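Everything below concerns the one structure shown next.
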Amino acid sequence: MFSDPASRPALAYPAATGAPLRVGMIGIGTVGLGTWRVLQRNQMAIAGRAGRPINIVAVAARNLTRAAQLLGDAPGVALTSDPLQLATRPDIDVLVEVAGGTGPAREWVLAAIAHGKHVVTANKALLAEHGNEIFAAAHQRGVAVAYEGAVAVSIPIVKALREGLAANQVEWVEGIVNGTTNFILTRMREAGLGFDEALAEAQALGYAEADPSFDVDGIDAAHKTALLAANAFGMPVRFSQAHVEGIRALQAVDVACAERLGYRVKLLGIARLQDEGVHLRVHPALVPADHLLAAVNGAMNGVLVKGDASGITMHYGAGAGSETTASAVIADLIDLARQTLDGRRPCVPGLAFHPHAQVDRPVLPMASVRTAHYLRVPLARREAMAELAAALGARGVTPVTMSVHVQPSGAHAGLHALIVTAPVADGVAQHAAGQLEGLSACCGPVARLRIERLD
């Protein structure tokens with residue numbers, strides 16, 4: 001078979017007859033170049049699905065010489081170093097924004113909307129921080145903002161929530177939505193690496209940036225989870241109110257101990273609808289080792305959705321990459337080409353619900369979230385287990401299982417109590433874990449991780 005997509009023979013399709021969809025693209029980096037290449041390689045099939053050709057007619061880039069080289073001096077494609085000029089050109093139907101960032105990108109996108117242009121973006125930070133303003137402006141102007149490439153990349157999860165699962169009252173969305181951290185956690189488990197070693201490996205392979213903060217600190221996952229929650233529950237985007245923890249402080253000993261107990265550690269994005277509001281959180285958690293999400297390894301993503309009618313659906317795919325993201329960007333362009341054929345107005349709401357039907361649901365405090373917990377307590381003496389159980393019980397935490405683990409070497413060498421608790425409010429568990437550190441039976445910091453049952 002053909003390992004290189006560019007080497008595959010192009011299939012012949014009848015020429016599409018509709019007027020071309022004219023696209024202006026800001027950015028010719030990883031995603032922009034992937035978008036250009038896939039559009040060129042699959043142009044006939046794309047036009048056949050869209051009902052008309054999709055043509056990139058202008059590109060904005062910082063380095064015009066480099067852009068011309070990457071595009072192969074493509075005839076009919078205008079180049080400019082001014083993204084704002086591109087956003088306001090009268091001969092462009094859709095602005096594709098794949099440059100990233102939030103400040104200038106917000107200005108470009110709002111300018112395009114004001115000039116009656118549809119927008120396609122893979123910029124999750126832009127929509128997480130300014131999405132409410134952008135979607136409101138698009139609705140008022142009668143244009144669409146599409147962003148499948150901003151969430152879980154090759155997984156069409158936005159389309160699933162907006163269309164495929166539209167009949168459901170969605171109860172929760174949970175999943176692995178950051179490929180970099182999933183790769184790091186996979187290597188920590190499989191190879192016994194510490195966080196720093198696994199991160200260095202991810203950077204060497206191109207899975208992690210030189211500054212990995214957005215990924216390893218959970219911010220990228222929180223951007224995506226906030227967008228998923230808005231689509232699932234008919235609410236505004238509430239990224240600023242999400243609870244966000246990353247994996248930077250995670251210890252290799254806890255990844256190994258979780259495995260001993262029948263769990264795997266994953267960085268999860270979680271949105272759950274409650275009677276009084278929404279739990280919106282990103283943090284590392286223990287997942288049962290026999291669960292589908294536990295088998296999502298490497299840089300892959302996996303998202304679960306629970307609907308009242310559909311039950312639980314699983315969505316799986318690549319979480320990063322040039323052409324994988326381009327696949328989602330072009331799918332949005334095809335949708336727009338279909339919806340606006342013959343001058344029609346786009347009919348799918350940007351956040352799944354029409355604006356008048358949205359509910360401003362409050363984001364509930366993390367302290368109120370009830371889950372089981374994993375505790376690792378460094379022991380001063382083996383016979384202290386009863387003392388720990390009594391101390392937890394006195395603080396409202398019920399141990400379900402308790403065992404002693406001997407760590408033979410390394411920074412955490414010695415005896416450790418491994419405790420799995422019954423479900424309890426997060427604030428109560430946090431307080432109890434802190435109190436254990438004051439006991440004579442404890443000889444170091446107590447590690448605490450939440451356990452997600454995913455049902």
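Chain labels follow the order of the structure tokens: the first chain is A, the next B, and so on; residue numbering restarts at 1 in every chain, and ligands are counted from 1 in their shown order.
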_Report as a list of chain:residue names all protein, DNA and RNA residues lying within 9 Å of region 142-146 of chain A, evaluated on only C-alpha atoms, omitting residues in the same chain fewer than 5 positions from it._
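Listed by chain and then number, they are A:Ile113, A:Gly116, A:Lys117, A:His118, A:Val119, A:Val120, A:Thr121, A:Ala122, A:Ile134, A:Phe135, A:Ala137, A:Val329, A:Asp332, A:Leu333, A:Leu336, A:Arg345, A:Pro346, A:Cys347, A:Val348, A:Pro349, A:Gly350.
The environment of Ala352 (chain A) within 9 Å, counting only C-alpha atoms and disregarding residues fewer than 5 places along the same chain, consists of Val158, Lys159, Leu161, Arg162, Glu163, Ala166, Ala230, Asn231, Ala232, Phe233 and Gly234 of chain A.
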Quick one: residues within 12 Å of Leu39 (chain A), only C-alpha atoms counted, chain neighbours fewer than 2 positions away excluded, as a PDB file with C-alpha atoms, in the first residue's frame?
ATOM      1  CA  ALA A   6       1.224  12.150  -1.642  1.00  0.00           C
ATOM      2  CA  VAL A  23     -10.824  30.960   1.096  1.00  0.00           C
ATOM      3  CA  GLY A  32      -1.785  25.882   7.392  1.00  0.00           C
ATOM      4  CA  LEU A  33       0.652  23.937   5.245  1.00  0.00           C
ATOM      5  CA  GLY A  34      -1.170  20.694   5.994  1.00  0.00           C
ATOM      6  CA  THR A  35      -4.441  22.327   4.957  1.00  0.00           C
ATOM      7  CA  TRP A  36      -2.931  23.544   1.694  1.00  0.00           C
ATOM      8  CA  ARG A  37      -1.446  20.148   0.865  1.00  0.00           C
ATOM      9  CA  ARG A  41      -4.034  16.472  -3.149  1.00  0.00           C
ATOM     10  CA  ASN A  42      -7.727  15.664  -2.678  1.00  0.00           C
ATOM     11  CA  GLN A  43      -9.256  18.606  -4.508  1.00  0.00           C
ATOM     12  CA  MET A  44     -11.515  16.564  -6.791  1.00  0.00           C
ATOM     13  CA  ALA A  45     -12.962  14.407  -4.023  1.00  0.00           C
ATOM     14  CA  ILE A  46     -13.384  17.466  -1.791  1.00  0.00           C
ATOM     15  CA  ALA A  47     -15.202  19.354  -4.541  1.00  0.00           C
ATOM     16  CA  PRO A  53     -14.476  23.650  -5.595  1.00  0.00           C
ATOM     17  CA  ILE A  54     -12.798  25.001  -2.472  1.00  0.00           C
ATOM     18  CA  ASN A  55      -9.967  27.319  -3.459  1.00  0.00           C
ATOM     19  CA  ILE A  56      -7.430  29.102  -1.268  1.00  0.00           C
ATOM     20  CA  LEU A  71       3.060  26.994  -1.747  1.00  0.00           C
ATOM     21  CA  GLU A 323      -2.660  16.736   8.182  1.00  0.00           C
ATOM     22  CA  ALA A 326      -6.038  19.846   8.335  1.00  0.00           C
ATOM     23  CA  SER A 327      -8.579  17.050   7.911  1.00  0.00           C
ATOM     24  CA  ALA A 328     -10.809  18.733  10.490  1.00  0.00           C
ATOM     25  CA  VAL A 329     -10.264  22.225   9.064  1.00  0.00           C
ATOM     26  CA  ILE A 330     -11.212  21.087   5.568  1.00  0.00           C
ATOM     27  CA  ALA A 331     -14.223  19.168   6.862  1.00  0.00           C
ATOM     28  CA  LEU A 333     -14.868  24.128   4.864  1.00  0.00           C
ATOM     29  CA  ILE A 334     -16.840  21.372   3.138  1.00  0.00           C
TER      30      ILE A 334
END
Select from region 112-167 of chain A every residue with an atom at most 10 Å from any atom of region 295-309 of chain A, then for each give the shortest pair of atoms and their distance in Å to one decimal, using only C-alpha atoms, rows by chain and rising number, as a tab-separated table.
residue	atom	partner	partner_atom	distance
A:Ala152	CA	A:Asn301	CA	6.5
A:Val153	CA	A:Asn301	CA	8.7
A:Ser154	CA	A:Asn301	CA	8.9
A:Ile155	CA	A:Asn301	CA	8.0
A:Ile157	CA	A:Val303	CA	7.9
A:Ala160	CA	A:Val305	CA	9.4
A:Leu161	CA	A:Val305	CA	8.5
A:Leu165	CA	A:Gly307	CA	7.5
A:Ala166	CA	A:Gly307	CA	9.4
A:Ala167	CA	A:Ala309	CA	7.6
For region 408-411 of chain A, please output as a PDB file with all heavy atoms, in the first residue's frame all residues within 10 Å (counting only C-alpha atoms; exclusion window: fewer than 4 positions along the same chain).
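Result file is result-v7.pdb:
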ATOM      1  N   GLN A 251       4.290  11.963  40.197  1.00  0.00           N
ATOM      2  CA  GLN A 251       5.471  11.150  40.492  1.00  0.00           C
ATOM      3  C   GLN A 251       5.372   9.784  39.819  1.00  0.00           C
ATOM      4  O   GLN A 251       4.293   9.177  39.760  1.00  0.00           O
ATOM      5  CB  GLN A 251       5.615  10.963  41.999  1.00  0.00           C
ATOM      6  CG  GLN A 251       5.748  12.255  42.777  1.00  0.00           C
ATOM      7  CD  GLN A 251       7.032  13.002  42.449  1.00  0.00           C
ATOM      8  OE1 GLN A 251       8.105  12.406  42.367  1.00  0.00           O
ATOM      9  NE2 GLN A 251       6.919  14.305  42.240  1.00  0.00           N
ATOM     10  N   VAL A 253       6.336   7.044  40.971  1.00  0.00           N
ATOM     11  CA  VAL A 253       5.910   6.029  41.934  1.00  0.00           C
ATOM     12  C   VAL A 253       4.388   5.910  41.959  1.00  0.00           C
ATOM     13  O   VAL A 253       3.841   4.804  42.123  1.00  0.00           O
ATOM     14  CB  VAL A 253       6.480   6.348  43.341  1.00  0.00           C
ATOM     15  CG1 VAL A 253       5.933   7.657  43.889  1.00  0.00           C
ATOM     16  CG2 VAL A 253       6.180   5.209  44.307  1.00  0.00           C
ATOM     17  N   LEU A 415       8.543   2.497  52.983  1.00  0.00           N
ATOM     18  CA  LEU A 415       7.196   1.971  53.115  1.00  0.00           C
ATOM     19  C   LEU A 415       6.164   3.041  52.766  1.00  0.00           C
ATOM     20  O   LEU A 415       6.314   4.209  53.137  1.00  0.00           O
ATOM     21  CB  LEU A 415       6.950   1.501  54.552  1.00  0.00           C
ATOM     22  CG  LEU A 415       7.793   0.335  55.065  1.00  0.00           C
ATOM     23  CD1 LEU A 415       7.480   0.095  56.540  1.00  0.00           C
ATOM     24  CD2 LEU A 415       7.517  -0.917  54.250  1.00  0.00           C
TER      25      LEU A 415
END
Please provide the set of residues having any atom within 10 Å of Ala111 (chain A), restricted to only C-alpha atoms, with same-chain residues fewer than 6 positions apart removed, written as a PDB file with N, CA, C and O atoms, in the first residue's frame.
ATOM      1  N   LEU A  84      -4.994  41.429   8.697  1.00  0.00           N
ATOM      2  CA  LEU A  84      -6.230  42.217   8.761  1.00  0.00           C
ATOM      3  C   LEU A  84      -6.717  42.576   7.367  1.00  0.00           C
ATOM      4  O   LEU A  84      -7.922  42.578   7.097  1.00  0.00           O
ATOM      5  N   GLN A  85      -5.763  42.854   6.459  1.00  0.00           N
ATOM      6  CA  GLN A  85      -6.167  43.144   5.074  1.00  0.00           C
ATOM      7  C   GLN A  85      -6.815  41.920   4.446  1.00  0.00           C
ATOM      8  O   GLN A  85      -7.798  42.021   3.717  1.00  0.00           O
ATOM      9  N   LEU A  86      -6.281  40.728   4.787  1.00  0.00           N
ATOM     10  CA  LEU A  86      -6.857  39.492   4.262  1.00  0.00           C
ATOM     11  C   LEU A  86      -8.270  39.282   4.815  1.00  0.00           C
ATOM     12  O   LEU A  86      -9.174  38.851   4.094  1.00  0.00           O
ATOM     13  N   ALA A  87      -8.461  39.597   6.102  1.00  0.00           N
ATOM     14  CA  ALA A  87      -9.758  39.382   6.743  1.00  0.00           C
ATOM     15  C   ALA A  87     -10.854  40.261   6.170  1.00  0.00           C
ATOM     16  O   ALA A  87     -12.037  39.965   6.335  1.00  0.00           O
ATOM     17  N   THR A  88     -10.474  41.323   5.480  1.00  0.00           N
ATOM     18  CA  THR A  88     -11.477  42.270   4.983  1.00  0.00           C
ATOM     19  C   THR A  88     -11.564  42.301   3.457  1.00  0.00           C
ATOM     20  O   THR A  88     -12.294  43.122   2.901  1.00  0.00           O
ATOM     21  N   ALA A 105      -5.417  37.492  16.801  1.00  0.00           N
ATOM     22  CA  ALA A 105      -6.365  36.571  16.159  1.00  0.00           C
ATOM     23  C   ALA A 105      -7.803  36.992  16.418  1.00  0.00           C
ATOM     24  O   ALA A 105      -8.668  36.876  15.536  1.00  0.00           O
ATOM     25  N   LYS A 117     -17.937  37.515   6.514  1.00  0.00           N
ATOM     26  CA  LYS A 117     -17.225  36.299   6.127  1.00  0.00           C
ATOM     27  C   LYS A 117     -17.400  35.214   7.188  1.00  0.00           C
ATOM     28  O   LYS A 117     -17.411  35.497   8.386  1.00  0.00           O
TER      29      LYS A 117
END
_Residues of region 167-384 of chain A in strand (DSSP E), written as a ChimeraX atom specification_ = /A:170-176,243-244,263-274,277-288,300-307,311-318,370-378
*Tell me which protein, DNA and RNA residues are within 7 Å of Arg450 (chain A), counting only C-alpha atoms, leaving out same-chain ones fewer than 2 positions away, and put them as a PyMOL selection string.*
chain A and resi 285-286+371-374+448+452
*Tell me, as a VMD selection string, which residues lie within 12 Å of Arg248 (chain A), counting only C-alpha atoms; anything in the same chain fewer than 4 positions away does not count.*
chain A and resid 181 184 to 185 194 to 199 212 to 218 252 267 283 to 284
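Minimum atom-to-atom distance to Gln407 (chain A), evaluated using only C-alpha atoms, belongs to A:Leu379 out of A:Leu280, A:Met314, A:Leu379, A:Leu436.
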*Could you find all residues in region 225-386 of chain A that DSSP calls helix (DSSP H, G or I) from the backbone, and write them as a ChimeraX atom specification?*
/A:225-233,239-241,252-260,292-295,322-339,341-343,355-357,366-368,382-386
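Taking CA of Phe353 (chain A) and CA of Glu133 (chain A) as the two end points, the separation is 15.6 Å.
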*Quick one: pull the distance between CA of Lys224 (chain A) and CA of Val151 (chain A), Å, one decimal.*
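Computing it gives 5.3 Å between the two atoms.
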